[in-house]
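Data from protein_31.cif: mmCIF, C-alpha atoms and all ligand atoms
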```cif
data_final
loop_
_atom_site.label_atom_id
_atom_site.label_comp_id
_atom_site.auth_asym_id
_atom_site.auth_seq_id
_atom_site.Cartn_x
_atom_site.Cartn_y
_atom_site.Cartn_z
CA MET N 1 -30.74 28.56 -11.79
CA ASP N 2 -27.40 29.73 -13.19
CA ILE N 3 -24.69 31.46 -11.18
CA LYS N 4 -22.54 34.14 -12.72
CA PHE N 5 -19.43 35.73 -11.25
CA ARG N 6 -18.38 39.05 -12.67
CA GLN N 7 -14.86 40.18 -11.74
CA LEU N 8 -15.42 38.72 -8.30
CA GLU N 9 -12.55 39.40 -5.93
CA LYS N 10 -11.68 38.94 -2.25
CA TRP N 11 -8.96 40.21 0.05
CA PHE N 12 -8.26 39.25 3.66
CA GLY N 13 -6.00 42.13 4.70
CA THR N 14 -3.04 41.85 2.35
CA LEU N 15 -3.92 38.30 1.26
CA HIS N 16 -5.50 38.14 -2.20
CA ALA N 17 -7.83 35.24 -1.38
CA LEU N 18 -9.65 35.36 -4.74
CA LYS N 19 -8.17 37.07 -7.80
CA PRO N 20 -10.75 38.60 -10.18
CA LEU N 21 -12.92 35.77 -11.43
CA SER N 22 -15.52 35.83 -14.18
CA MET N 23 -17.37 32.67 -15.09
CA THR N 24 -20.85 31.18 -15.36
CA ILE N 25 -22.09 27.97 -13.76
CA GLN N 26 -24.98 26.73 -15.88
CA SER N 27 -28.36 25.83 -14.45
CA GLY N 28 -28.36 22.16 -13.39
CA GLU N 29 -24.61 21.88 -13.69
CA PHE N 30 -22.49 20.03 -11.09
CA VAL N 31 -19.28 22.03 -10.71
CA SER N 32 -16.42 21.16 -8.38
CA LEU N 33 -13.86 23.59 -7.02
CA VAL N 34 -10.56 21.80 -6.47
CA GLY N 35 -7.11 22.90 -5.44
CA PRO N 36 -4.64 22.72 -2.58
CA SER N 37 -5.46 23.80 0.95
CA GLY N 38 -5.81 27.56 1.28
CA CYS N 39 -6.38 28.21 -2.45
CA GLY N 40 -9.72 29.93 -1.83
CA LYS N 41 -12.36 27.23 -2.42
CA THR N 42 -14.33 27.80 0.79
CA THR N 43 -14.02 31.56 0.38
CA LEU N 44 -15.62 31.41 -3.08
CA LEU N 45 -18.39 29.12 -1.81
CA ARG N 46 -19.10 31.44 1.12
CA MET N 47 -19.34 34.40 -1.23
CA ILE N 48 -22.00 32.57 -3.26
CA ALA N 49 -23.88 31.88 -0.03
CA GLY N 50 -23.57 35.46 1.19
CA LEU N 51 -21.57 34.43 4.25
CA GLU N 52 -18.52 36.40 3.08
CA ASP N 53 -18.58 39.85 1.47
CA PRO N 54 -16.56 40.14 -1.75
CA ALA N 55 -14.18 43.08 -2.10
CA GLU N 56 -15.16 43.75 -5.72
CA GLY N 57 -17.40 42.46 -8.46
CA ALA N 58 -20.78 40.81 -8.62
CA VAL N 59 -22.57 37.48 -8.13
CA LEU N 60 -25.75 36.94 -10.15
CA PHE N 61 -28.37 34.19 -9.89
CA ASP N 62 -30.28 33.85 -13.17
CA GLY N 63 -29.06 37.29 -14.17
CA LYS N 64 -30.21 38.99 -10.94
CA PRO N 65 -27.48 40.30 -8.66
CA VAL N 66 -27.35 38.87 -5.15
CA PHE N 67 -24.17 40.86 -4.67
CA ASP N 68 -23.02 43.84 -6.65
CA LYS N 69 -20.33 46.08 -5.23
CA ASP N 70 -21.02 49.00 -7.56
CA LYS N 71 -24.79 48.88 -7.13
CA LYS N 72 -24.42 48.28 -3.38
CA ILE N 73 -26.56 45.12 -3.52
CA ASN N 74 -26.00 42.42 -0.91
CA VAL N 75 -28.85 39.94 -0.45
CA PRO N 76 -28.58 38.24 2.99
CA PRO N 77 -27.85 34.47 3.05
CA GLN N 78 -31.34 33.37 4.15
CA LYS N 79 -32.90 35.20 1.18
CA ARG N 80 -30.59 33.62 -1.43
CA LYS N 81 -32.58 30.34 -1.34
CA ILE N 82 -29.63 28.02 -1.35
CA GLY N 83 -28.97 24.76 0.47
CA MET N 84 -25.63 24.13 2.17
CA VAL N 85 -23.85 21.00 3.36
CA PHE N 86 -20.65 21.19 5.40
CA GLN N 87 -17.88 18.78 6.23
CA ASP N 88 -18.79 18.63 9.94
CA PHE N 89 -22.56 18.02 9.35
CA ALA N 90 -23.45 20.84 11.81
CA LEU N 91 -26.58 19.14 13.18
CA TRP N 92 -28.31 20.39 16.33
CA PRO N 93 -27.53 17.73 19.00
CA HIS N 94 -30.65 18.44 21.09
CA MET N 95 -33.05 18.09 18.13
CA THR N 96 -34.33 14.90 16.53
CA VAL N 97 -33.65 14.07 12.90
CA PHE N 98 -37.12 15.41 12.02
CA GLU N 99 -36.57 18.66 13.92
CA ASN N 100 -33.14 19.17 12.37
CA VAL N 101 -34.53 18.84 8.86
CA ALA N 102 -37.61 20.95 9.73
CA TYR N 103 -35.48 23.75 11.16
CA GLY N 104 -34.71 25.45 7.87
CA LEU N 105 -38.32 25.19 6.68
CA LYS N 106 -39.65 26.73 9.87
CA ALA N 107 -37.06 29.50 9.60
CA THR N 108 -38.37 30.39 6.15
CA GLY N 109 -41.92 30.60 7.52
CA ARG N 110 -43.22 27.54 5.62
CA LYS N 111 -44.69 25.85 8.71
CA ARG N 112 -47.69 24.28 6.97
CA GLU N 113 -45.55 22.34 4.57
CA VAL N 114 -43.20 21.02 7.22
CA GLN N 115 -44.59 17.50 7.67
CA ASP N 116 -44.68 16.70 3.96
CA LYS N 117 -41.41 18.37 3.06
CA VAL N 118 -39.42 16.77 5.87
CA THR N 119 -40.83 13.34 5.09
CA GLU N 120 -40.00 13.74 1.41
CA ALA N 121 -36.46 14.96 2.14
CA LEU N 122 -35.80 12.10 4.57
CA ASN N 123 -37.14 9.58 2.09
CA ASN N 124 -34.81 11.01 -0.54
CA VAL N 125 -31.83 10.10 1.65
CA GLN N 126 -33.37 6.79 2.80
CA LEU N 127 -33.81 7.89 6.41
CA GLY N 128 -37.60 7.94 6.55
CA ASP N 129 -37.70 5.54 9.50
CA HIS N 130 -35.06 7.37 11.59
CA LYS N 131 -36.93 10.61 12.09
CA ASN N 132 -37.29 10.36 15.86
CA ARG N 133 -33.65 9.62 16.58
CA TYR N 134 -31.12 12.13 17.86
CA PRO N 135 -27.86 12.79 15.96
CA HIS N 136 -25.75 10.87 18.52
CA GLN N 137 -27.86 7.77 17.76
CA LEU N 138 -26.79 7.84 14.11
CA SER N 139 -23.64 6.76 12.27
CA GLY N 140 -21.47 9.38 10.56
CA GLY N 141 -22.92 8.53 7.16
CA GLN N 142 -26.48 8.79 8.49
CA GLN N 143 -25.70 12.14 10.12
CA GLN N 144 -24.40 13.45 6.82
CA ARG N 145 -27.56 12.22 5.10
CA VAL N 146 -29.62 14.21 7.61
CA ALA N 147 -27.52 17.27 6.76
CA ILE N 148 -28.22 16.66 3.06
CA ALA N 149 -31.96 16.24 3.74
CA ARG N 150 -31.95 19.50 5.69
CA ALA N 151 -30.22 21.28 2.78
CA VAL N 152 -32.72 20.07 0.17
CA ALA N 153 -35.93 20.30 2.25
CA THR N 154 -36.43 23.97 1.38
CA ASP N 155 -36.37 23.17 -2.39
CA PRO N 156 -33.28 25.24 -3.13
CA GLU N 157 -32.30 25.64 -6.75
CA ILE N 158 -28.65 25.90 -5.74
CA ILE N 159 -26.82 23.56 -3.39
CA LEU N 160 -23.37 24.39 -2.03
CA MET N 161 -21.27 21.63 -0.50
CA ASP N 162 -17.95 22.10 1.28
CA GLU N 163 -16.05 18.80 1.51
CA PRO N 164 -19.22 16.98 2.60
CA LEU N 165 -17.71 13.51 2.37
CA SER N 166 -14.24 14.02 3.77
CA ALA N 167 -15.19 13.00 7.33
CA LEU N 168 -16.46 9.63 6.09
CA ASP N 169 -14.49 6.45 5.48
CA ALA N 170 -13.67 5.37 1.93
CA SER N 171 -16.44 2.83 1.27
CA LEU N 172 -19.10 5.10 2.74
CA ARG N 173 -17.76 7.96 0.65
CA ASP N 174 -18.38 6.02 -2.56
CA GLU N 175 -21.93 5.21 -1.49
CA MET N 176 -22.67 8.81 -0.45
CA ARG N 177 -21.13 10.15 -3.64
CA ILE N 178 -23.62 8.20 -5.71
CA LEU N 179 -26.53 9.27 -3.49
CA LEU N 180 -25.50 12.94 -3.74
CA GLN N 181 -24.96 12.86 -7.48
CA SER N 182 -28.32 11.25 -8.20
CA LEU N 183 -30.17 13.49 -5.73
CA VAL N 184 -28.72 16.65 -7.26
CA LYS N 185 -29.81 15.54 -10.73
CA LYS N 186 -33.23 14.30 -9.55
CA LEU N 187 -34.00 17.61 -7.83
CA ASP N 188 -32.52 19.54 -10.77
CA MET N 189 -30.27 21.67 -8.58
CA THR N 190 -27.21 23.64 -9.62
CA ALA N 191 -24.40 22.25 -7.45
CA VAL N 192 -21.11 23.79 -6.39
CA TYR N 193 -18.97 21.20 -4.66
CA VAL N 194 -15.70 21.85 -2.85
CA THR N 195 -13.18 19.08 -2.47
CA HIS N 196 -9.43 18.70 -2.40
CA ASP N 197 -9.86 15.14 -3.61
CA GLN N 198 -9.35 15.44 -7.35
CA SER N 199 -10.54 11.88 -8.03
CA GLU N 200 -13.83 12.66 -6.28
CA ALA N 201 -14.18 15.80 -8.41
CA MET N 202 -13.48 13.85 -11.61
CA ALA N 203 -16.03 11.19 -10.71
CA MET N 204 -18.86 13.55 -9.79
CA SER N 205 -18.62 16.71 -11.84
CA ASP N 206 -19.86 18.04 -15.13
CA ARG N 207 -17.11 20.63 -14.88
CA ILE N 208 -14.08 21.22 -12.67
CA VAL N 209 -12.58 24.55 -11.61
CA VAL N 210 -8.92 24.13 -10.68
CA MET N 211 -7.73 26.83 -8.27
CA ASN N 212 -4.36 27.73 -6.85
CA ALA N 213 -3.43 30.64 -4.56
CA GLY N 214 -6.69 32.48 -5.16
CA GLU N 215 -6.50 32.11 -8.90
CA VAL N 216 -8.50 29.93 -11.27
CA GLN N 217 -6.04 27.92 -13.36
CA GLN N 218 -8.45 26.12 -15.65
CA THR N 219 -12.10 25.26 -15.99
CA GLY N 220 -13.21 22.29 -18.03
CA THR N 221 -14.86 18.91 -18.08
CA PRO N 222 -13.04 16.19 -16.12
CA GLU N 223 -11.72 14.85 -19.44
CA GLU N 224 -10.44 18.25 -20.53
CA VAL N 225 -8.55 19.06 -17.35
CA TYR N 226 -7.10 15.53 -17.23
CA GLN N 227 -6.18 15.10 -20.88
CA ARG N 228 -5.38 18.69 -21.79
CA PRO N 229 -4.21 20.62 -18.73
CA ASN N 230 -3.16 24.10 -19.81
CA ASN N 231 -0.42 24.55 -17.24
CA ASP N 232 1.82 22.68 -14.81
CA ILE N 233 -0.35 23.37 -11.80
CA THR N 234 -3.41 21.73 -13.30
CA ALA N 235 -1.33 18.91 -14.79
CA SER N 236 0.21 18.02 -11.46
CA PHE N 237 -2.93 18.51 -9.37
CA ILE N 238 -5.32 16.52 -11.55
CA GLY N 239 -4.54 12.83 -11.97
CA LYS N 240 -1.32 10.93 -11.63
CA GLY N 241 1.61 11.48 -13.90
CA THR N 242 5.07 12.88 -14.44
CA LEU N 243 5.78 16.38 -15.67
CA ILE N 244 8.87 16.30 -17.78
CA ASP N 245 10.89 19.01 -19.58
CA GLY N 246 11.75 18.33 -23.17
CA LEU N 247 13.16 19.81 -26.35
CA VAL N 248 11.16 19.42 -29.52
CA ILE N 249 13.62 18.03 -32.08
CA GLU N 250 11.33 17.24 -34.99
CA VAL N 251 7.79 18.36 -35.77
CA GLU N 252 7.04 16.96 -39.22
CA ASP N 253 8.14 13.51 -40.34
CA VAL N 254 8.58 11.78 -37.01
CA PRO N 255 7.82 14.31 -34.27
CA MET N 256 10.08 13.72 -31.27
CA LEU N 257 10.61 15.15 -27.83
CA LYS N 258 14.09 14.84 -26.36
CA VAL N 259 14.05 14.69 -22.57
CA SER N 260 17.68 13.68 -21.95
CA ALA N 261 20.78 12.69 -23.93
CA ASP N 262 19.40 9.19 -24.53
CA VAL N 263 15.68 9.50 -23.98
CA GLN N 264 13.41 10.55 -26.83
CA ILE N 265 9.64 10.28 -26.85
CA PRO N 266 7.55 10.09 -30.04
CA LEU N 267 4.85 12.71 -30.41
CA SER N 268 1.62 12.54 -32.33
CA SER N 269 1.62 15.13 -35.10
CA SER N 270 -1.69 16.41 -33.72
CA LYS N 271 0.20 17.50 -30.58
CA THR N 272 2.90 19.52 -32.30
CA LYS N 273 0.77 22.17 -34.00
CA GLY N 274 2.27 25.60 -33.44
CA LEU N 275 5.59 24.12 -32.30
CA GLU N 276 8.97 24.37 -33.94
CA PRO N 277 12.19 22.41 -33.53
CA HIS N 278 14.19 23.74 -30.53
CA ASP N 279 11.06 24.76 -28.61
CA TRP N 280 11.14 23.76 -24.95
CA VAL N 281 7.89 22.33 -23.62
CA HIS N 282 6.53 20.49 -20.63
CA ALA N 283 4.95 17.12 -21.21
CA ILE N 284 2.60 15.33 -18.84
CA ILE N 285 3.04 11.56 -19.01
CA ARG N 286 0.13 9.63 -17.50
CA PRO N 287 0.53 6.01 -16.28
CA GLU N 288 -1.78 4.67 -19.00
CA GLN N 289 0.57 6.14 -21.62
CA VAL N 290 3.52 4.15 -20.31
CA VAL N 291 3.80 0.54 -21.45
CA LEU N 292 6.08 -1.46 -19.18
CA ASP N 293 8.18 -4.39 -20.38
CA THR N 294 10.11 -6.39 -17.83
CA SER N 295 12.97 -7.10 -20.19
CA PRO N 296 15.46 -4.27 -20.76
CA SER N 297 15.63 -3.03 -24.33
CA GLU N 298 18.68 -2.29 -26.54
CA THR N 299 17.15 0.79 -28.09
CA GLY N 300 14.33 1.79 -25.77
CA ILE N 301 14.02 3.63 -22.47
CA ASN N 302 15.32 1.63 -19.53
CA GLY N 303 15.00 1.98 -15.81
CA ILE N 304 14.68 0.31 -12.44
CA ILE N 305 11.36 -0.47 -10.77
CA GLU N 306 11.19 1.39 -7.46
CA THR N 307 7.74 0.71 -6.03
CA VAL N 308 4.92 -1.74 -6.80
CA SER N 309 1.43 -1.09 -5.43
CA PHE N 310 -1.40 -3.59 -5.82
CA LEU N 311 -4.60 -1.78 -6.84
CA GLY N 312 -7.02 -4.71 -6.86
CA GLU N 313 -6.99 -5.76 -10.50
CA ARG N 314 -3.62 -4.37 -11.56
CA TYR N 315 -0.41 -2.94 -10.18
CA GLU N 316 0.87 0.60 -10.21
CA VAL N 317 4.60 0.67 -10.72
CA SER N 318 7.03 3.55 -10.39
CA LEU N 319 10.16 3.37 -12.49
CA LYS N 320 13.32 5.47 -12.15
CA LEU N 321 14.79 6.08 -15.61
CA ASP N 322 18.46 5.16 -16.12
CA ASP N 323 19.44 8.12 -18.21
CA CYS N 324 17.81 10.98 -16.39
CA ASP N 325 16.47 11.93 -13.01
CA GLU N 326 12.85 11.28 -13.89
CA ARG N 327 10.39 8.80 -12.47
CA LEU N 328 7.47 7.42 -14.51
CA PHE N 329 4.32 5.61 -13.38
CA ALA N 330 2.81 2.66 -15.24
CA TYR N 331 -0.01 0.16 -14.77
CA THR N 332 0.63 -3.51 -15.26
CA TYR N 333 -1.20 -6.80 -14.70
CA GLU N 334 2.05 -8.65 -14.17
CA LYS N 335 3.58 -8.78 -10.69
CA THR N 336 6.98 -7.15 -10.61
CA VAL N 337 9.39 -6.44 -7.76
CA PRO N 338 11.29 -3.33 -6.72
CA GLY N 339 14.86 -3.38 -7.98
CA GLN N 340 13.92 -5.22 -11.17
CA GLU N 341 15.13 -3.79 -14.48
CA ALA N 342 12.49 -2.87 -17.03
CA SER N 343 11.97 -0.86 -20.17
CA VAL N 344 9.14 1.39 -21.21
CA THR N 345 7.50 2.55 -24.38
CA ILE N 346 5.72 5.87 -24.15
CA ARG N 347 2.64 6.37 -26.29
CA ASP N 348 2.60 9.33 -28.63
CA THR N 349 -0.59 10.66 -27.05
CA ILE N 350 1.21 12.54 -24.28
CA HIS N 351 0.00 16.09 -23.79
CA LEU N 352 2.36 19.04 -24.22
CA ILE N 353 2.08 22.24 -22.23
CA GLN N 354 3.35 25.03 -24.41
CA HIS N 355 2.84 28.10 -22.31
CA ARG N 356 4.24 27.65 -18.90
CA GLY N 357 2.14 29.08 -16.10
CA GLY N 358 -0.46 30.23 -18.58
CA VAL N 359 -3.85 30.91 -17.09
CA SER N 360 -7.03 30.46 -19.01
CA HIS N 361 -10.30 32.01 -18.03
CA GLU N 362 -13.53 31.04 -19.61
CA GLU N 363 -14.65 34.63 -19.98
CA THR N 364 -12.96 37.92 -19.36
CA ALA N 365 -15.93 40.24 -19.13
N1 LIG W 1 -11.72 35.08 7.86
C1 LIG W 1 -10.48 35.05 7.37
N2 LIG W 1 -9.56 35.95 7.72
C2 LIG W 1 -8.31 35.94 7.21
N3 LIG W 1 -7.87 35.04 6.30
C3 LIG W 1 -8.75 34.11 5.90
C4 LIG W 1 -10.10 34.07 6.41
N4 LIG W 1 -10.74 33.02 5.81
C5 LIG W 1 -9.83 32.44 4.99
N5 LIG W 1 -8.65 33.09 5.03
C6 LIG W 1 -7.45 32.78 4.24
O1 LIG W 1 -7.81 32.80 2.87
C7 LIG W 1 -7.16 31.76 2.14
C8 LIG W 1 -8.21 30.90 1.46
O2 LIG W 1 -8.92 30.19 2.47
P1 LIG W 1 -10.03 29.12 2.13
O3 LIG W 1 -10.65 28.71 3.42
O4 LIG W 1 -10.92 29.68 1.10
O5 LIG W 1 -9.17 27.93 1.53
P2 LIG W 1 -9.62 26.49 1.01
O6 LIG W 1 -9.22 26.40 -0.41
O7 LIG W 1 -11.04 26.27 1.36
O8 LIG W 1 -8.67 25.52 1.87
P3 LIG W 1 -8.96 24.09 2.57
O9 LIG W 1 -8.84 23.07 1.47
O10 LIG W 1 -7.86 23.97 3.56
O11 LIG W 1 -10.32 24.14 3.19
C9 LIG W 1 -6.31 31.03 3.15
O12 LIG W 1 -4.99 31.51 3.08
C10 LIG W 1 -6.94 31.37 4.49
O13 LIG W 1 -5.99 31.35 5.52
MG MG W 2 -12.03 24.98 2.68
#
```
The structure given in the file should be rewritten as structure tokens.
Amino acid sequence: MDIKFRQLEKWFGTLHALKPLSMTIQSGEFVSLVGPSGCGKTTLLRMIAGLEDPAEGAVLFDGKPVFDKDKKINVPPQKRKIGMVFQDFALWPHMTVFENVAYGLKATGRKREVQDKVTEALNNVQLGDHKNRYPHQLSGGQQQRVAIARAVATDPEIILMDEPLSALDASLRDEMRILLQSLVKKLDMTAVYVTHDQSEAMAMSDRIVVMNAGEVQQTGTPEEVYQRPNNDITASFIGKGTLIDGLVIEVEDVPMLKVSADVQIPLSSSKTKGLEPHDWVHAIIRPEQVVLDTSPSETGINGIIETVSFLGERYEVSLKLDDCDERLFAYTYEKTVPGQEASVTIRDTIHLIQHRGGVSHEETA
């Protein structure tokens, strides 16, 4: 089932919690909403569910409005046939696992199917043999799996998840992420997933919607928003890297970006289309585009290593450049120490952001 927003908008008093948004989430797509706290992720999710009334616009499921301001349509949440999973699990403490999962089915009047459906849902989250336990007899991860079983037991075509993994510890999160991803695909659901963990969004999603202050900044595949952010907000929110101001000093023979009196970065000619010498741009330099050399260079870019973090198979190093106030990140397999001098080469694949603060919407209708 696809989900379409048409000029969807929300105000809380004078706060513009969602600026007019038009976009389509395709049937079977896994879409994550990411952005800083308070940017409107939960509000948008609640409007899909029918738990929050939009101020303007429409929400359509497979072309049929479940909310339309102009036509005065507002389908109540229980009739929208969606499954929801929340951060705090929200299980009934006085009900067993079976009863918790059965609750939604009974509420929709499908009593005869209950036994089969609950068993199937619990098997899907590998909790088939825990059905007589109470929530307090389960671990956090098991409780969240019950919440997921409850959400899918009614065969929803849309599943909405609001930070479902953030209450779990890191190793459990990885395990649950895989379970959720495969379950969503297996049951062929359209998923809208809220997280402020951008790495989780990149790992799980077909497409990411980056939000800030009630406004969608960019929608795209994880690769698109990481490699080609269209503004500073997306560039700094998604992935690690340094945003740096620079002056384009050559666009044809050897394209170059000058970021300080002594620091120039080569640019790939594919990145300079539409640019002219003397244009100011922002560049996003990712750690994998910075090659660190522990010997200072006569002609290259030099700096001092500030921090060294061991990541398991390699190190992440931050380097303060000598000639300007900027700090770059790099990955290296060689152990280095803070205070050590080093030089860097920056690959010409860095991405340039030409229109500062530009906002791109997938559709405008
Ligand atoms: N019922 C409400 N009444 C007034 N303001 C609200 C209400 N619900 C949310 N807001 C405000 O709307 C904005 C968006 O809130 P929302 O909960 O959607 O943010 P979020 O992106 O989910 O943040 P977080 O990552 O912290 O969960 C915030 O400024 C919030 O304070
Ligand atoms: Mg929220």
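Among the candidates N:Lys71, N:Arg150, N:His94, N:Arg46, the one nearest to ligand LIG 1 (chain W) when counting only C-alpha atoms and all ligand atoms is N:Arg46.
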* Of the candidates N:Val194, N:Ala153, N:Leu138, N:Ala17, which shows the shortest atom-to-atom distance to ligand MG 2 (chain W), using all atoms listed in the file? -> N:Val194
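You will find atom CA of Thr272 of chain N at 15.0 Å from atom CA of Asp245 of chain N.
Taking all atoms listed in the file into account, ligand LIG 1 (chain W) lies nearest to N:Pro164 out of the set N:Trp92, N:Ala102, N:Pro164, N:Asp68.
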* **Residue with smallest distance to ligand LIG 1 (chain W) - pool N:Val210, N:Ile82, N:Val59, N:Ile233, counting all atoms listed in the file** => N:Val210
* Which value, in Å to one decimal, gives the distance between atom CA of Val101 of chain N and atom CA of Gly83 of chain N? -> 11.7 Å
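Relative to atom CA of Cys39 of chain N, atom MG of ligand MG 2 (chain W) is found at 8.3 Å.
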* Residues up to 12 Å from ligand MG 2 (chain W), counting only C-alpha atoms and all ligand atoms: could you list those as a PyMOL selection string? => chain N and resi 17+33-46+86-88+161-164+166+193-197+211
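In this comparison, which uses all atoms listed in the file, the residue of N:Ile249, N:Ile284, N:Leu321, N:Ile48 approaching Pro296 of chain N most closely is N:Leu321.
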Taking the point (-8.1, 17.0, -11.3) as given in the file, collect each protein or nucleic acid residue that comes within 7 Å of it, counting all atoms listed in the file, and present the set as a PDB file with C-alpha atoms, in the frame of the given file.
```pdb
ATOM      1  CA  GLN N 198      -9.350  15.440  -7.350  1.00  0.00           C
ATOM      2  CA  SER N 199     -10.540  11.880  -8.030  1.00  0.00           C
ATOM      3  CA  ALA N 201     -14.180  15.800  -8.410  1.00  0.00           C
ATOM      4  CA  MET N 202     -13.480  13.850 -11.610  1.00  0.00           C
ATOM      5  CA  PRO N 222     -13.040  16.190 -16.120  1.00  0.00           C
ATOM      6  CA  VAL N 225      -8.550  19.060 -17.350  1.00  0.00           C
ATOM      7  CA  TYR N 226      -7.100  15.530 -17.230  1.00  0.00           C
ATOM      8  CA  THR N 234      -3.410  21.730 -13.300  1.00  0.00           C
ATOM      9  CA  PHE N 237      -2.930  18.510  -9.370  1.00  0.00           C
ATOM     10  CA  ILE N 238      -5.320  16.520 -11.550  1.00  0.00           C
ATOM     11  CA  GLY N 239      -4.540  12.830 -11.970  1.00  0.00           C
TER      12      GLY N 239
END
```
Taking all atoms of ligand LIG 1 (chain W) that the file lists and extending 6 Å past them on each side, where is the centre of the axis-aligned box and how long are its edges? Answer in Å to one decimal, as JSON.
```
{"center_x": -8.4, "center_y": 29.5, "center_z": 3.7, "size_x": 18.7, "size_y": 24.9, "size_z": 20.3}
```
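Using only C-alpha atoms and all ligand atoms, the smallest distance between any of N:Ile159, N:Ala213, N:Val152, N:Met256 and ligand LIG 1 (chain W) comes from N:Ala213.
By all atoms listed in the file, and with residues fewer than 3 positions from Gln78 of chain N along its chain excluded, the set lying at most 10 Å from it is Ala49, Gly50, Leu51, Val75, Lys81, Ile82, Gly83, Gly104, Ala107 and Thr108 of chain N.
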* Asked: If you count all atoms listed in the file, which residues fall within 8 Å of Ile148 of chain N, apart from same-chain ones fewer than 4 positions away, as a PyMOL selection string?
  -> chain N and resi 84-85+125+144+152
Would you write out those residues with C-alpha atoms, as a compact mmCIF listing (two decimals), in the frame of the given file?
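Result file selection_2.txt:
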```
# COMPACT_ATOMS: atom_id res chain seq x y z
CA MET N 84 -25.63 24.13 2.17
CA VAL N 85 -23.85 21.00 3.36
CA VAL N 125 -31.83 10.10 1.65
CA GLN N 144 -24.40 13.45 6.82
CA VAL N 152 -32.72 20.07 0.17
```
Determine, counting all atoms listed in the file, which protein, DNA and RNA residues have an atom within 7 Å of an atom of Pro255 of chain N; residues of the same chain fewer than 3 positions away are not included. Present the result as a JSON list (two decimals) with C-alpha atoms, in the coordinates of the input.
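So part21.json came out as:
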```
[["chain", "number", "residue", "atom", "x", "y", "z"],
["N", 250, "GLU", "CA", 11.33, 17.24, -34.99],
["N", 251, "VAL", "CA", 7.79, 18.36, -35.77],
["N", 252, "GLU", "CA", 7.04, 16.96, -39.22],
["N", 266, "PRO", "CA", 7.55, 10.09, -30.04],
["N", 267, "LEU", "CA", 4.85, 12.71, -30.41],
["N", 268, "SER", "CA", 1.62, 12.54, -32.33],
["N", 269, "SER", "CA", 1.62, 15.13, -35.10]]
```
* Residues near segment 322-326 of chain N, cut-off 12 Å, all atoms listed in the file, skip fewer than 3 positions along chain, as number ranges by chain -> N: 241-246, 258-264, 285, 296-297, 300-306, 318-319, 329, 341-344
* Name the residues in contact with Lys106 of chain N at a cut-off of 12 Å, using all atoms listed in the file, excluding same-chain residues fewer than 5 positions from it; report them as an MDAnalysis selection string. => chainID N and resid 98:101 111:115 117:118 150 153:154
* For a cut-off of 7 Å around (-1.2, 5.8, -17.0), file coordinates, pick out all residues using all atoms listed in the file and list them as a ChimeraX atom specification. => /N:286-290,329-331
